[in-house]
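Source file: final-v3.tsv. Holds: TSV, C-alpha atoms.
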chain	number	residue	atom	x	y	z
A	6	MET	CA	-67.86	-21.77	44.85
A	7	ALA	CA	-69.36	-22.76	41.51
A	8	LEU	CA	-71.20	-19.43	41.41
A	9	CYS	CA	-67.94	-17.50	41.90
A	10	GLU	CA	-66.26	-19.54	39.18
A	11	ASN	CA	-69.13	-18.86	36.78
A	12	GLN	CA	-68.97	-15.12	37.58
A	13	ALA	CA	-65.21	-15.04	36.96
A	14	TRP	CA	-65.65	-16.89	33.70
A	15	GLY	CA	-68.37	-14.42	32.62
A	16	ASP	CA	-66.17	-11.41	33.41
A	17	GLU	CA	-63.28	-12.92	31.48
A	18	ALA	CA	-65.50	-13.65	28.51
A	19	ALA	CA	-66.84	-10.08	28.53
A	20	GLU	CA	-63.33	-8.63	28.66
A	21	SER	CA	-62.24	-10.93	25.86
A	22	PHE	CA	-65.19	-9.84	23.75
A	23	GLN	CA	-64.43	-6.16	24.38
A	24	ARG	CA	-60.80	-6.67	23.41
A	25	SER	CA	-61.76	-8.45	20.21
A	26	THR	CA	-64.33	-5.76	19.36
A	27	ALA	CA	-61.80	-2.98	19.96
A	28	ALA	CA	-59.23	-4.81	17.83
A	29	ALA	CA	-61.76	-5.22	15.02
A	30	ALA	CA	-62.66	-1.53	15.19
A	31	ALA	CA	-58.99	-0.52	15.17
A	32	SER	CA	-58.45	-2.75	12.16
A	33	GLU	CA	-61.44	-1.13	10.42
A	34	TYR	CA	-60.14	2.36	11.12
A	35	GLN	CA	-56.70	1.43	9.85
A	36	GLY	CA	-58.20	-0.02	6.69
A	37	ILE	CA	-60.15	3.16	6.02
A	38	ILE	CA	-57.11	5.37	6.51
A	39	GLU	CA	-55.08	3.13	4.21
A	40	GLY	CA	-57.88	3.49	1.66
A	41	ILE	CA	-57.62	7.28	1.88
A	42	ARG	CA	-53.88	7.01	1.18
A	43	SER	CA	-54.41	4.66	-1.78
A	44	GLY	CA	-53.09	5.56	-5.20
A	45	ASP	CA	-56.44	4.58	-6.68
A	46	GLU	CA	-58.89	7.50	-6.75
A	47	LYS	CA	-61.96	5.27	-6.60
A	48	CYS	CA	-60.62	3.67	-3.45
A	49	ARG	CA	-59.95	7.10	-1.90
A	50	VAL	CA	-63.46	8.31	-2.71
A	51	GLU	CA	-65.06	5.21	-1.16
A	52	ALA	CA	-62.94	5.58	1.96
A	53	ALA	CA	-63.89	9.26	2.26
A	54	LYS	CA	-67.56	8.39	1.95
A	55	GLU	CA	-67.19	5.78	4.69
A	56	ILE	CA	-65.53	8.35	6.97
A	57	ARG	CA	-68.40	10.71	6.30
A	58	ARG	CA	-70.91	7.99	7.18
A	59	LEU	CA	-69.16	6.90	10.38
A	60	THR	CA	-68.53	10.41	11.68
A	61	LYS	CA	-71.98	11.81	10.95
A	62	THR	CA	-73.21	11.31	14.51
A	63	SER	CA	-70.38	9.61	16.41
A	64	SER	CA	-67.82	11.60	18.40
A	65	LYS	CA	-65.93	8.33	19.00
A	66	HIS	CA	-65.47	7.78	15.27
A	67	ARG	CA	-64.38	11.39	14.83
A	68	ARG	CA	-61.65	10.89	17.39
A	69	GLN	CA	-60.51	7.51	16.05
A	70	LEU	CA	-60.42	8.68	12.43
A	71	SER	CA	-58.56	11.94	13.06
A	72	GLY	CA	-55.55	10.33	11.39
A	73	ALA	CA	-57.40	10.68	8.07
A	74	VAL	CA	-57.25	14.49	8.17
A	75	ASP	CA	-53.93	14.94	6.31
A	76	PRO	CA	-54.73	12.62	3.38
A	77	LEU	CA	-58.25	14.08	3.11
A	78	VAL	CA	-56.79	17.59	2.85
A	79	GLU	CA	-54.49	16.30	0.11
A	80	MET	CA	-57.57	15.04	-1.73
A	81	LEU	CA	-58.92	18.61	-1.74
A	82	ARG	CA	-55.96	19.72	-3.83
A	83	SER	CA	-56.11	17.19	-6.66
A	84	GLY	CA	-58.32	14.70	-8.39
A	85	SER	CA	-61.82	14.82	-9.81
A	86	LEU	CA	-64.72	16.90	-8.58
A	87	GLU	CA	-66.16	13.81	-6.89
A	88	CYS	CA	-62.85	13.25	-5.11
A	89	LYS	CA	-62.77	16.83	-3.78
A	90	GLU	CA	-66.40	16.83	-2.76
A	91	SER	CA	-66.11	13.47	-0.93
A	92	ALA	CA	-63.04	14.67	0.96
A	93	LEU	CA	-64.67	17.99	1.84
A	94	LEU	CA	-67.79	16.32	3.26
A	95	ALA	CA	-65.69	13.86	5.24
A	96	LEU	CA	-63.63	16.70	6.73
A	97	LEU	CA	-66.80	18.60	7.53
A	98	ASN	CA	-68.13	15.71	9.61
A	99	LEU	CA	-64.77	15.16	11.28
A	100	ALA	CA	-64.76	18.80	12.41
A	101	VAL	CA	-68.30	18.95	13.80
A	102	MET	CA	-68.24	19.20	17.60
A	103	ASP	CA	-64.54	18.29	17.71
A	104	GLU	CA	-62.22	21.17	18.60
A	105	ARG	CA	-59.01	19.24	18.03
A	106	ASN	CA	-60.05	18.10	14.56
A	107	LYS	CA	-61.05	21.66	13.62
A	108	ILE	CA	-57.58	22.91	14.52
A	109	LYS	CA	-55.89	19.92	12.90
A	110	ILE	CA	-57.73	20.50	9.60
A	111	VAL	CA	-56.56	24.13	9.45
A	112	ASP	CA	-53.01	23.12	10.43
A	113	ALA	CA	-53.03	20.55	7.62
A	114	GLY	CA	-53.50	23.35	5.06
A	115	ALA	CA	-57.21	23.05	4.25
A	116	LEU	CA	-57.85	26.79	4.06
A	117	GLU	CA	-56.16	27.35	0.70
A	118	PRO	CA	-58.33	24.84	-1.22
A	119	LEU	CA	-61.43	25.93	0.73
A	120	VAL	CA	-60.88	29.56	-0.36
A	121	ASP	CA	-60.50	28.30	-3.93
A	122	PHE	CA	-63.80	26.42	-3.61
A	123	LEU	CA	-65.53	29.58	-2.39
A	124	GLN	CA	-64.60	31.09	-5.78
A	125	SER	CA	-65.68	28.02	-7.75
A	126	ALA	CA	-68.28	28.17	-10.51
A	127	ASN	CA	-69.64	24.94	-9.06
A	128	THR	CA	-72.37	26.07	-6.67
A	129	VAL	CA	-72.51	22.77	-4.77
A	130	LEU	CA	-68.80	22.86	-4.04
A	131	LYS	CA	-69.07	26.52	-3.02
A	132	GLU	CA	-71.92	25.73	-0.60
A	133	HIS	CA	-70.03	22.83	0.97
A	134	ALA	CA	-66.98	25.08	1.36
A	135	ALA	CA	-69.08	27.73	3.13
A	136	ALA	CA	-70.39	25.09	5.53
A	137	ALA	CA	-66.84	23.87	6.17
A	138	VAL	CA	-65.55	27.39	6.84
A	139	LEU	CA	-68.43	27.98	9.23
A	140	THR	CA	-67.59	24.81	11.14
A	141	LEU	CA	-63.88	25.67	11.32
A	142	THR	CA	-64.61	29.20	12.56
A	143	ALA	CA	-66.52	27.75	15.51
A	144	SER	CA	-63.01	27.35	16.96
A	145	ALA	CA	-61.67	30.69	18.19
A	146	VAL	CA	-58.15	29.40	17.53
A	147	ASN	CA	-58.87	29.18	13.79
A	148	ARG	CA	-60.47	32.58	13.28
A	149	PRO	CA	-57.32	34.68	12.69
A	150	CYS	CA	-56.06	32.08	10.19
A	151	VAL	CA	-59.35	31.99	8.27
A	152	GLY	CA	-59.40	35.77	8.04
A	153	ALA	CA	-55.78	35.90	6.88
A	154	ALA	CA	-56.49	33.26	4.20
A	155	GLY	CA	-58.77	35.69	2.33
A	156	ALA	CA	-62.12	34.02	3.02
A	157	ILE	CA	-63.92	37.13	4.29
A	158	PRO	CA	-64.66	38.97	0.98
A	159	LEU	CA	-65.87	35.70	-0.55
A	160	LEU	CA	-68.20	35.05	2.38
A	161	VAL	CA	-69.59	38.58	2.01
A	162	GLU	CA	-70.30	37.85	-1.66
A	163	LEU	CA	-72.25	34.76	-0.61
A	164	LEU	CA	-74.56	36.92	1.50
A	165	SER	CA	-76.12	38.21	-1.69
A	166	ASP	CA	-75.14	35.58	-4.28
A	167	GLY	CA	-75.62	32.31	-2.38
A	168	ASN	CA	-78.77	30.26	-1.87
A	169	PRO	CA	-80.52	30.67	1.52
A	170	GLN	CA	-78.44	27.99	3.27
A	171	ALA	CA	-75.14	29.27	1.86
A	172	ALA	CA	-76.07	32.84	2.81
A	173	LEU	CA	-76.92	31.73	6.36
A	174	ASP	CA	-73.64	29.79	6.65
A	175	ALA	CA	-71.75	32.84	5.38
A	176	ALA	CA	-73.51	35.16	7.85
A	177	MET	CA	-72.75	32.80	10.75
A	178	ALA	CA	-69.11	32.40	9.69
A	179	LEU	CA	-68.69	36.17	9.38
A	180	THR	CA	-70.24	36.64	12.81
A	181	ASN	CA	-67.68	34.21	14.25
A	182	LEU	CA	-64.80	35.85	12.39
A	183	ALA	CA	-65.83	39.36	13.44
A	184	THR	CA	-64.92	38.59	17.05
A	185	VAL	CA	-61.28	39.14	15.97
A	186	PRO	CA	-60.55	42.89	15.55
A	187	ASP	CA	-58.51	42.48	12.34
A	188	ASN	CA	-61.25	40.31	10.87
A	189	LEU	CA	-63.94	42.83	11.81
A	190	ARG	CA	-62.07	45.51	9.88
A	191	ALA	CA	-61.78	43.14	6.91
A	192	VAL	CA	-65.53	42.46	7.04
A	193	LEU	CA	-66.18	46.21	7.09
A	194	ALA	CA	-63.86	46.72	4.10
A	195	ALA	CA	-65.90	44.18	2.11
A	196	ARG	CA	-69.00	46.41	2.51
A	197	PRO	CA	-71.51	43.83	3.74
A	198	VAL	CA	-74.18	46.21	5.08
A	199	PRO	CA	-76.43	46.37	1.97
A	200	ALA	CA	-76.41	42.58	1.73
A	201	LEU	CA	-77.18	42.22	5.45
A	202	VAL	CA	-80.07	44.65	5.12
A	203	GLY	CA	-81.39	42.68	2.15
A	204	LEU	CA	-81.26	39.45	4.15
A	205	LEU	CA	-83.00	41.06	7.12
A	206	ARG	CA	-85.78	42.45	4.96
A	207	GLY	CA	-86.36	39.09	3.28
A	208	CYS	CA	-86.25	36.73	6.26
A	209	ARG	CA	-88.51	36.02	9.21
A	210	LYS	CA	-87.50	38.46	11.90
A	211	SER	CA	-87.41	35.70	14.53
A	212	SER	CA	-85.20	33.40	12.42
A	213	LYS	CA	-81.60	32.39	12.95
A	214	MET	CA	-80.72	34.47	9.88
A	215	ALA	CA	-82.13	37.60	11.53
A	216	ASP	CA	-80.25	36.82	14.76
A	217	LYS	CA	-76.91	36.47	12.96
A	218	CYS	CA	-77.37	39.47	10.66
A	219	SER	CA	-78.42	41.65	13.61
A	220	ARG	CA	-75.44	40.52	15.65
A	221	LEU	CA	-73.01	41.25	12.82
A	222	LEU	CA	-74.61	44.63	12.15
A	223	GLU	CA	-74.32	45.55	15.83
A	224	ALA	CA	-70.58	44.84	15.67
A	225	LEU	CA	-70.15	46.79	12.42
A	226	LEU	CA	-72.12	49.82	13.55
A	227	ARG	CA	-69.24	50.82	15.79
A	228	PHE	CA	-67.69	52.17	12.58
A	229	GLU	CA	-68.97	55.30	10.85
A	230	GLU	CA	-68.75	53.62	7.42
A	231	ALA	CA	-71.27	51.00	8.51
A	232	ARG	CA	-73.58	53.57	10.12
A	233	THR	CA	-73.60	55.60	6.92
A	234	ALA	CA	-74.20	52.47	4.84
A	235	LEU	CA	-77.14	51.40	7.03
A	236	THR	CA	-78.95	54.72	6.79
A	237	ALA	CA	-78.22	54.92	3.05
A	238	ALA	CA	-79.50	51.40	2.34
A	239	HIS	CA	-83.11	51.13	1.19
A	240	GLY	CA	-85.11	50.30	4.32
A	241	GLY	CA	-81.94	49.84	6.38
A	242	VAL	CA	-82.98	51.32	9.74
A	243	LEU	CA	-86.49	49.95	9.26
A	244	ALA	CA	-85.13	46.40	8.92
A	245	VAL	CA	-83.39	46.72	12.29
A	246	VAL	CA	-86.51	48.21	13.89
A	247	GLU	CA	-88.57	45.28	12.61
A	248	VAL	CA	-86.19	42.85	14.31
A	249	LEU	CA	-86.55	44.95	17.44
A	250	GLU	CA	-90.32	44.48	17.26
A	251	GLU	CA	-90.69	40.93	15.95
A	252	GLY	CA	-87.38	39.16	16.54
A	253	SER	CA	-86.26	36.47	18.94
A	254	LEU	CA	-84.97	37.54	22.35
A	255	LEU	CA	-81.41	37.37	21.02
A	256	GLY	CA	-82.23	39.16	17.79
A	257	ARG	CA	-84.02	41.94	19.64
A	258	GLU	CA	-81.02	42.35	21.95
A	259	HIS	CA	-78.70	42.86	18.98
A	260	ALA	CA	-81.19	45.14	17.22
A	261	VAL	CA	-81.58	47.49	20.19
A	262	GLY	CA	-77.80	47.37	20.65
A	263	GLY	CA	-77.29	48.49	17.06
A	264	LEU	CA	-79.82	51.30	17.33
A	265	LEU	CA	-78.26	52.45	20.58
A	266	ILE	CA	-74.81	52.58	18.96
A	267	LEU	CA	-76.30	54.68	16.15
A	268	CYS	CA	-77.88	57.17	18.53
A	269	GLU	CA	-74.91	57.38	20.88
A	270	SER	CA	-72.47	57.96	18.03
A	271	ASP	CA	-74.31	61.03	16.71
A	272	ARG	CA	-77.72	61.66	18.24
A	273	ASP	CA	-78.49	64.66	16.04
A	274	THR	CA	-77.87	62.64	12.88
A	275	TYR	CA	-79.52	59.33	13.71
A	276	ARG	CA	-82.25	60.11	16.28
A	277	GLU	CA	-84.82	61.16	13.71
A	278	ALA	CA	-84.08	58.17	11.46
A	279	ILE	CA	-84.87	55.85	14.38
A	280	LEU	CA	-88.02	57.74	15.42
A	281	ASN	CA	-89.28	57.90	11.84
A	282	GLU	CA	-89.36	54.11	11.66
A	283	GLY	CA	-91.59	53.82	14.74
A	284	ALA	CA	-89.08	52.28	17.14
A	285	ILE	CA	-90.79	53.53	20.31
A	286	PRO	CA	-93.43	50.76	20.73
A	287	GLY	CA	-90.83	48.01	20.44
A	288	LEU	CA	-88.51	49.80	22.84
A	289	LEU	CA	-91.27	50.21	25.40
A	290	GLU	CA	-92.11	46.54	25.26
A	291	LEU	CA	-88.45	45.60	25.49
A	292	THR	CA	-87.99	47.52	28.75
A	293	VAL	CA	-89.85	44.76	30.60
A	294	GLN	CA	-90.00	41.79	28.24
A	295	GLY	CA	-86.47	41.56	26.87
A	296	THR	CA	-83.27	40.09	28.24
A	297	ALA	CA	-81.49	42.01	31.00
A	298	LYS	CA	-79.16	43.55	28.42
A	299	SER	CA	-82.09	44.44	26.14
A	300	GLN	CA	-83.96	46.13	28.97
A	301	ALA	CA	-80.97	48.25	29.96
A	302	LYS	CA	-80.20	49.24	26.37
A	303	ALA	CA	-83.83	50.02	25.58
A	304	GLN	CA	-84.09	52.34	28.58
A	305	VAL	CA	-80.90	54.18	27.64
A	306	LEU	CA	-82.07	54.54	24.03
A	307	LEU	CA	-85.49	55.81	25.09
A	308	GLN	CA	-83.79	58.43	27.22
A	309	LEU	CA	-81.57	59.50	24.31
A	310	LEU	CA	-84.54	59.70	21.98
A	311	ARG	CA	-86.41	61.84	24.49
A	312	GLU	CA	-83.64	64.26	25.44
A	313	SER	CA	-82.95	65.66	22.00
A	314	PRO	CA	-85.47	68.22	20.72
A	315	TYR	CA	-87.96	66.72	18.34
A	316	ARG	CA	-90.87	68.50	16.68
A	317	ARG	CA	-93.46	66.76	14.60
A	318	ARG	CA	-95.02	68.29	11.53
A	319	LYS	CA	-98.24	70.20	12.10
A	320	SER	CA	-100.14	67.72	9.93
A	321	GLU	CA	-99.50	64.92	12.42
A	322	LYS	CA	-102.28	63.96	14.77
A	323	PHE	CA	-100.51	63.52	18.11
A	324	GLN	CA	-98.90	66.26	20.15
A	325	PRO	CA	-95.16	65.59	20.71
A	326	GLU	CA	-95.30	66.46	24.39
A	327	THR	CA	-97.93	63.81	25.13
A	328	PHE	CA	-96.01	60.89	23.79
A	329	GLU	CA	-92.61	62.01	25.02
A	330	ASN	CA	-94.05	62.33	28.52
A	331	ILE	CA	-95.39	58.79	28.29
A	332	VAL	CA	-91.92	57.52	27.39
A	333	CYS	CA	-90.32	59.50	30.20
A	334	ASN	CA	-92.82	58.17	32.76
A	335	ILE	CA	-92.48	54.52	31.78
A	336	VAL	CA	-88.70	54.64	31.92
A	337	SER	CA	-88.53	56.34	35.30
A	338	GLN	CA	-91.18	54.13	36.86
A	339	ILE	CA	-89.68	50.88	35.65
A	340	ASP	CA	-86.49	52.02	37.34
A	341	GLY	CA	-88.18	51.31	40.63
A	342	GLU	CA	-90.81	53.83	41.58
A	343	VAL	CA	-93.66	51.51	40.62
A	344	PRO	CA	-93.88	47.78	41.55
A	345	GLY	CA	-93.20	45.31	38.77
A	346	GLU	CA	-96.74	44.13	38.11
A	347	LYS	CA	-98.15	47.64	38.01
A	348	ALA	CA	-95.34	48.70	35.67
A	349	LYS	CA	-96.19	45.84	33.31
A	350	LYS	CA	-99.86	46.83	33.31
A	351	MET	CA	-98.96	50.46	32.66
A	352	LEU	CA	-96.62	49.36	29.90
A	353	ALA	CA	-99.37	47.43	28.13
A	354	GLU	CA	-101.57	50.51	28.16
A	355	MET	CA	-98.81	52.75	26.92
A	356	VAL	CA	-97.79	50.36	24.17
A	357	GLN	CA	-101.39	50.46	22.96
A	358	VAL	CA	-101.29	54.27	22.82
A	359	SER	CA	-97.94	54.27	21.06
A	360	MET	CA	-99.12	51.64	18.57
A	361	GLN	CA	-102.01	53.89	17.62
A	362	GLN	CA	-99.57	56.68	16.94
A	363	SER	CA	-97.37	54.35	14.89
A	364	LEU	CA	-100.14	53.56	12.42
A	365	ARG	CA	-98.82	56.44	10.37
A	366	HIS	CA	-95.69	54.41	9.72
A	367	LEU	CA	-97.58	51.66	7.88
A	368	GLN	CA	-97.82	53.67	4.70
A	369	ARG	CA	-94.13	54.45	4.81
A	370	ARG	CA	-93.28	50.78	5.32
A	371	ALA	CA	-95.48	49.77	2.40
A	372	LEU	CA	-93.70	52.28	0.18
A	373	ILE	CA	-90.25	51.16	1.35
A	374	CYS	CA	-91.05	47.57	0.40
A	375	ILE	CA	-91.46	48.76	-3.20
A	376	PRO	CA	-87.99	49.18	-4.78
A	377	PRO	CA	-87.37	52.60	-6.30
A	378	PRO	CA	-87.72	52.78	-10.12
Could you write out this structure as structure tokens?
Amino acid sequence: MALCENQAWGDEAAESFQRSTAAAAASEYQGIIEGIRSGDEKCRVEAAKEIRRLTKTSSKHRRQLSGAVDPLVEMLRSGSLECKESALLALLNLAVMDERNKIKIVDAGALEPLVDFLQSANTVLKEHAAAAVLTLTASAVNRPCVGAAGAIPLLVELLSDGNPQAALDAAMALTNLATVPDNLRAVLAARPVPALVGLLRGCRKSSKMADKCSRLLEALLRFEEARTALTAAHGGVLAVVEVLEEGSLLGREHAVGGLLILCESDRDTYREAILNEGAIPGLLELTVQGTAKSQAKAQVLLQLLRESPYRRRKSEKFQPETFENIVCNIVSQIDGEVPGEKAKKMLAEMVQVSMQQSLRHLQRRALICIPPP
């Protein structure tokens, strides 16, 4: 009996403690929100900083402090630079991994000041705004609104004008926005291809930057303006081929997708540009080592590259028939005529042969890396 009474007392004490803790937390949240609504700017800044601290890693705090969204958005519109920056960082943390807060921030009118910040001479504020726009565009619901607010041309400018982190945030935000057809056309109108090529040439081909730029390029290459811009850009097709060869699985999938779109749109125009950059070795490897989508696209592209007539210059070492037959054989045999392990072994041998042929591209690549006078 005494044991039961002690257990009951312990349960009651635990419940009482939980209630008092919850009440204290609710009181703390209310105090912070009141601080955000204060007429004193210093008080508002301190409250915003506390929201940023609490919501950095806690989804619970993000939910409980969602009531601070409206006053924080108001802080973006007035006050000192410190006031705006504190509010922006607090909103950024409130939005991370919280779909409802993302939508609530846009509904509260945050896009207008964020677009203004993207045009600011203050680089720190501009970078924070790019990060905030990226976070908000993670919600598909927000993407049409962000595009309509005029953020897209400013994000495209950041691709070439921003520091590496701002450029990456801009590329990721544009990739999110481009999933909406109207936004994709707005991205195209801002002429981002030269900047994307520049980023691809300057980054590690297996990096997140390469993945995002390749994905955005693949989407844009459905339009003739983007295809023309890519082939006109210094080292444009080469940059995509390098991702095809050296990128992550995802990056390679987008790179082969982009090249396939090029070749399918006008094989006579773009086939030689792809072959001239030595795409064959990477395509061969991709037919067995890429994702399922990469393998399928690589095989289709190899077939397209083979079917059109192609004649090498007499000065070149290898006979065109030899290598085109190798490509034809590997594609047909991977389709099922040869068991998987044997196909992989054959592929390794053929990649070696094709790599020997592609040595001639090294000089061209070295020259392309040197900007024209």
Fill in the blank from the handout: Taken to one decimal, the atom CA of Val246 of chain A-atom CA of Pro197 of chain A distance is 18.6 Å
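As for atom CA of Leu116 of chain A and atom CA of Ala231 of chain A, they are spaced 28.0 Å apart.
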Counting only C-alpha atoms, which residues of segment 107-181 of chain A fall within 7 Å of segment 211-221 of chain A, and what is the closest atom pair for each with its distance in Å at one decimal, ordered by chain and rising number, as JSON lines?
{"residue": "A:Leu173", "atom": "CA", "partner": "A:Met214", "partner_atom": "CA", "distance": 5.9}
{"residue": "A:Ala176", "atom": "CA", "partner": "A:Lys217", "partner_atom": "CA", "distance": 6.3}
{"residue": "A:Met177", "atom": "CA", "partner": "A:Lys217", "partner_atom": "CA", "distance": 6.0}
{"residue": "A:Thr180", "atom": "CA", "partner": "A:Leu221", "partner_atom": "CA", "distance": 5.4}
Exercise for the section: Mind checking which residues fall within 7 Å of segment 38-52 of chain A, counting only C-alpha atoms, ignoring those fewer than 2 positions away in the same chain, and posting them as a list in words? Expected result: Tyr34, Gln35, Gly36, Lys54, Glu55, Ile56, Ala73, Pro76, Leu77, Cys88 and Ser91 of chain A
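Across the structure, atom CA of Ala143 of chain A and atom CA of Leu179 of chain A are spaced 10.6 Å apart.
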Problem - Long-range neighbours of Pro186 of chain A as number ranges by chain, 12 Å cut-off, only C-alpha atoms, 3 positions minimum in chain - result: A: 148-149, 152, 180-183, 189-193, 224-225, 227
Exercise for the section: Excluding Glu90 of chain A and any residue of its chain fewer than 3 positions from it, enumerate the residues within 12 Å of it, using all atoms listed in the file, and give them as an NGL selection string. Expected result: :A and (49-51 or 53-54 or 57 or 77-78 or 80-87 or 93-97 or 118-119 or 122 or 127-134 or 137)
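Each of A:Asn188, A:Ser32, A:Gln124, A:Ser144 was checked against Gly167 of chain A using all atoms listed in the file; the smallest atom-to-atom distance is that of A:Gln124.
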Problem - Residue nearest Ala171 of chain A among A:Leu265, A:Met102, A:Leu159, A:Leu307 (counting all atoms listed in the file) - result: A:Leu159
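Counting all atoms listed in the file, the residue from A:Ala115, A:Ala145, A:Ile266, A:Val245 that sits nearest to Arg232 of chain A is A:Ile266.
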Exercise for the section: Would you list the contacts of Glu79 of chain A as a PyMOL selection string, taking every protein, DNA or RNA residue within 9 Å and counting all atoms listed in the file, but skipping same-chain residues closer than 5 positions in sequence? Expected result: chain A and resi 74+92+113-115
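Restricting the calculation to only C-alpha atoms, the smallest distance between Gly263 of chain A and any of A:Gly241, A:Gly72, A:Gly283, A:Gly155 is found for A:Gly241.
Distances to Ile285 of chain A were evaluated for A:Val185, A:Leu70, A:Leu235, A:Val261 using all atoms listed in the file, and the minimum falls at A:Val261.
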Model the absent atoms of segment 140-152 of chain A so that N, CA, C and O atoms are present, and write the result as a PDB file, keeping the file's coordinate frame.
ATOM      1  N   THR A 140     -67.929  25.778  10.091  1.00  0.00           N
ATOM      2  CA  THR A 140     -67.590  24.810  11.140  1.00  0.00           C
ATOM      3  C   THR A 140     -66.203  25.080  11.705  1.00  0.00           C
ATOM      4  O   THR A 140     -65.995  25.031  12.926  1.00  0.00           O
ATOM      5  N   LEU A 141     -65.247  25.407  10.854  1.00  0.00           N
ATOM      6  CA  LEU A 141     -63.880  25.670  11.320  1.00  0.00           C
ATOM      7  C   LEU A 141     -63.811  26.954  12.144  1.00  0.00           C
ATOM      8  O   LEU A 141     -63.018  27.037  13.084  1.00  0.00           O
ATOM      9  N   THR A 142     -64.645  27.944  11.807  1.00  0.00           N
ATOM     10  CA  THR A 142     -64.610  29.200  12.560  1.00  0.00           C
ATOM     11  C   THR A 142     -65.315  29.082  13.914  1.00  0.00           C
ATOM     12  O   THR A 142     -65.260  30.032  14.713  1.00  0.00           O
ATOM     13  N   ALA A 143     -65.963  27.970  14.174  1.00  0.00           N
ATOM     14  CA  ALA A 143     -66.520  27.750  15.510  1.00  0.00           C
ATOM     15  C   ALA A 143     -65.403  27.656  16.543  1.00  0.00           C
ATOM     16  O   ALA A 143     -65.624  27.867  17.736  1.00  0.00           O
ATOM     17  N   SER A 144     -64.183  27.350  16.082  1.00  0.00           N
ATOM     18  CA  SER A 144     -63.010  27.350  16.960  1.00  0.00           C
ATOM     19  C   SER A 144     -62.370  28.735  16.942  1.00  0.00           C
ATOM     20  O   SER A 144     -61.941  29.220  15.888  1.00  0.00           O
ATOM     21  N   ALA A 145     -62.284  29.362  18.103  1.00  0.00           N
ATOM     22  CA  ALA A 145     -61.670  30.690  18.190  1.00  0.00           C
ATOM     23  C   ALA A 145     -60.214  30.667  17.743  1.00  0.00           C
ATOM     24  O   ALA A 145     -59.698  31.659  17.219  1.00  0.00           O
ATOM     25  N   VAL A 146     -59.555  29.527  17.917  1.00  0.00           N
ATOM     26  CA  VAL A 146     -58.150  29.400  17.530  1.00  0.00           C
ATOM     27  C   VAL A 146     -57.984  29.592  16.020  1.00  0.00           C
ATOM     28  O   VAL A 146     -56.989  30.151  15.549  1.00  0.00           O
ATOM     29  N   ASN A 147     -58.972  29.149  15.245  1.00  0.00           N
ATOM     30  CA  ASN A 147     -58.870  29.180  13.790  1.00  0.00           C
ATOM     31  C   ASN A 147     -59.214  30.530  13.169  1.00  0.00           C
ATOM     32  O   ASN A 147     -58.876  30.785  12.010  1.00  0.00           O
ATOM     33  N   ARG A 148     -59.896  31.381  13.896  1.00  0.00           N
ATOM     34  CA  ARG A 148     -60.470  32.580  13.280  1.00  0.00           C
ATOM     35  C   ARG A 148     -59.441  33.528  12.678  1.00  0.00           C
ATOM     36  O   ARG A 148     -59.638  34.018  11.556  1.00  0.00           O
ATOM     37  N   PRO A 149     -58.325  33.818  13.346  1.00  0.00           N
ATOM     38  CA  PRO A 149     -57.320  34.680  12.690  1.00  0.00           C
ATOM     39  C   PRO A 149     -56.790  34.063  11.402  1.00  0.00           C
ATOM     40  O   PRO A 149     -56.576  34.783  10.418  1.00  0.00           O
ATOM     41  N   CYS A 150     -56.585  32.750  11.385  1.00  0.00           N
ATOM     42  CA  CYS A 150     -56.060  32.080  10.190  1.00  0.00           C
ATOM     43  C   CYS A 150     -57.050  32.144   9.033  1.00  0.00           C
ATOM     44  O   CYS A 150     -56.672  32.378   7.880  1.00  0.00           O
ATOM     45  N   VAL A 151     -58.330  31.937   9.326  1.00  0.00           N
ATOM     46  CA  VAL A 151     -59.350  31.990   8.270  1.00  0.00           C
ATOM     47  C   VAL A 151     -59.435  33.383   7.679  1.00  0.00           C
ATOM     48  O   VAL A 151     -59.528  33.553   6.458  1.00  0.00           O
ATOM     49  N   GLY A 152     -59.378  34.398   8.537  1.00  0.00           N
ATOM     50  CA  GLY A 152     -59.400  35.770   8.040  1.00  0.00           C
ATOM     51  C   GLY A 152     -58.185  36.078   7.175  1.00  0.00           C
ATOM     52  O   GLY A 152     -58.309  36.676   6.101  1.00  0.00           O
TER      53      GLY A 152
END
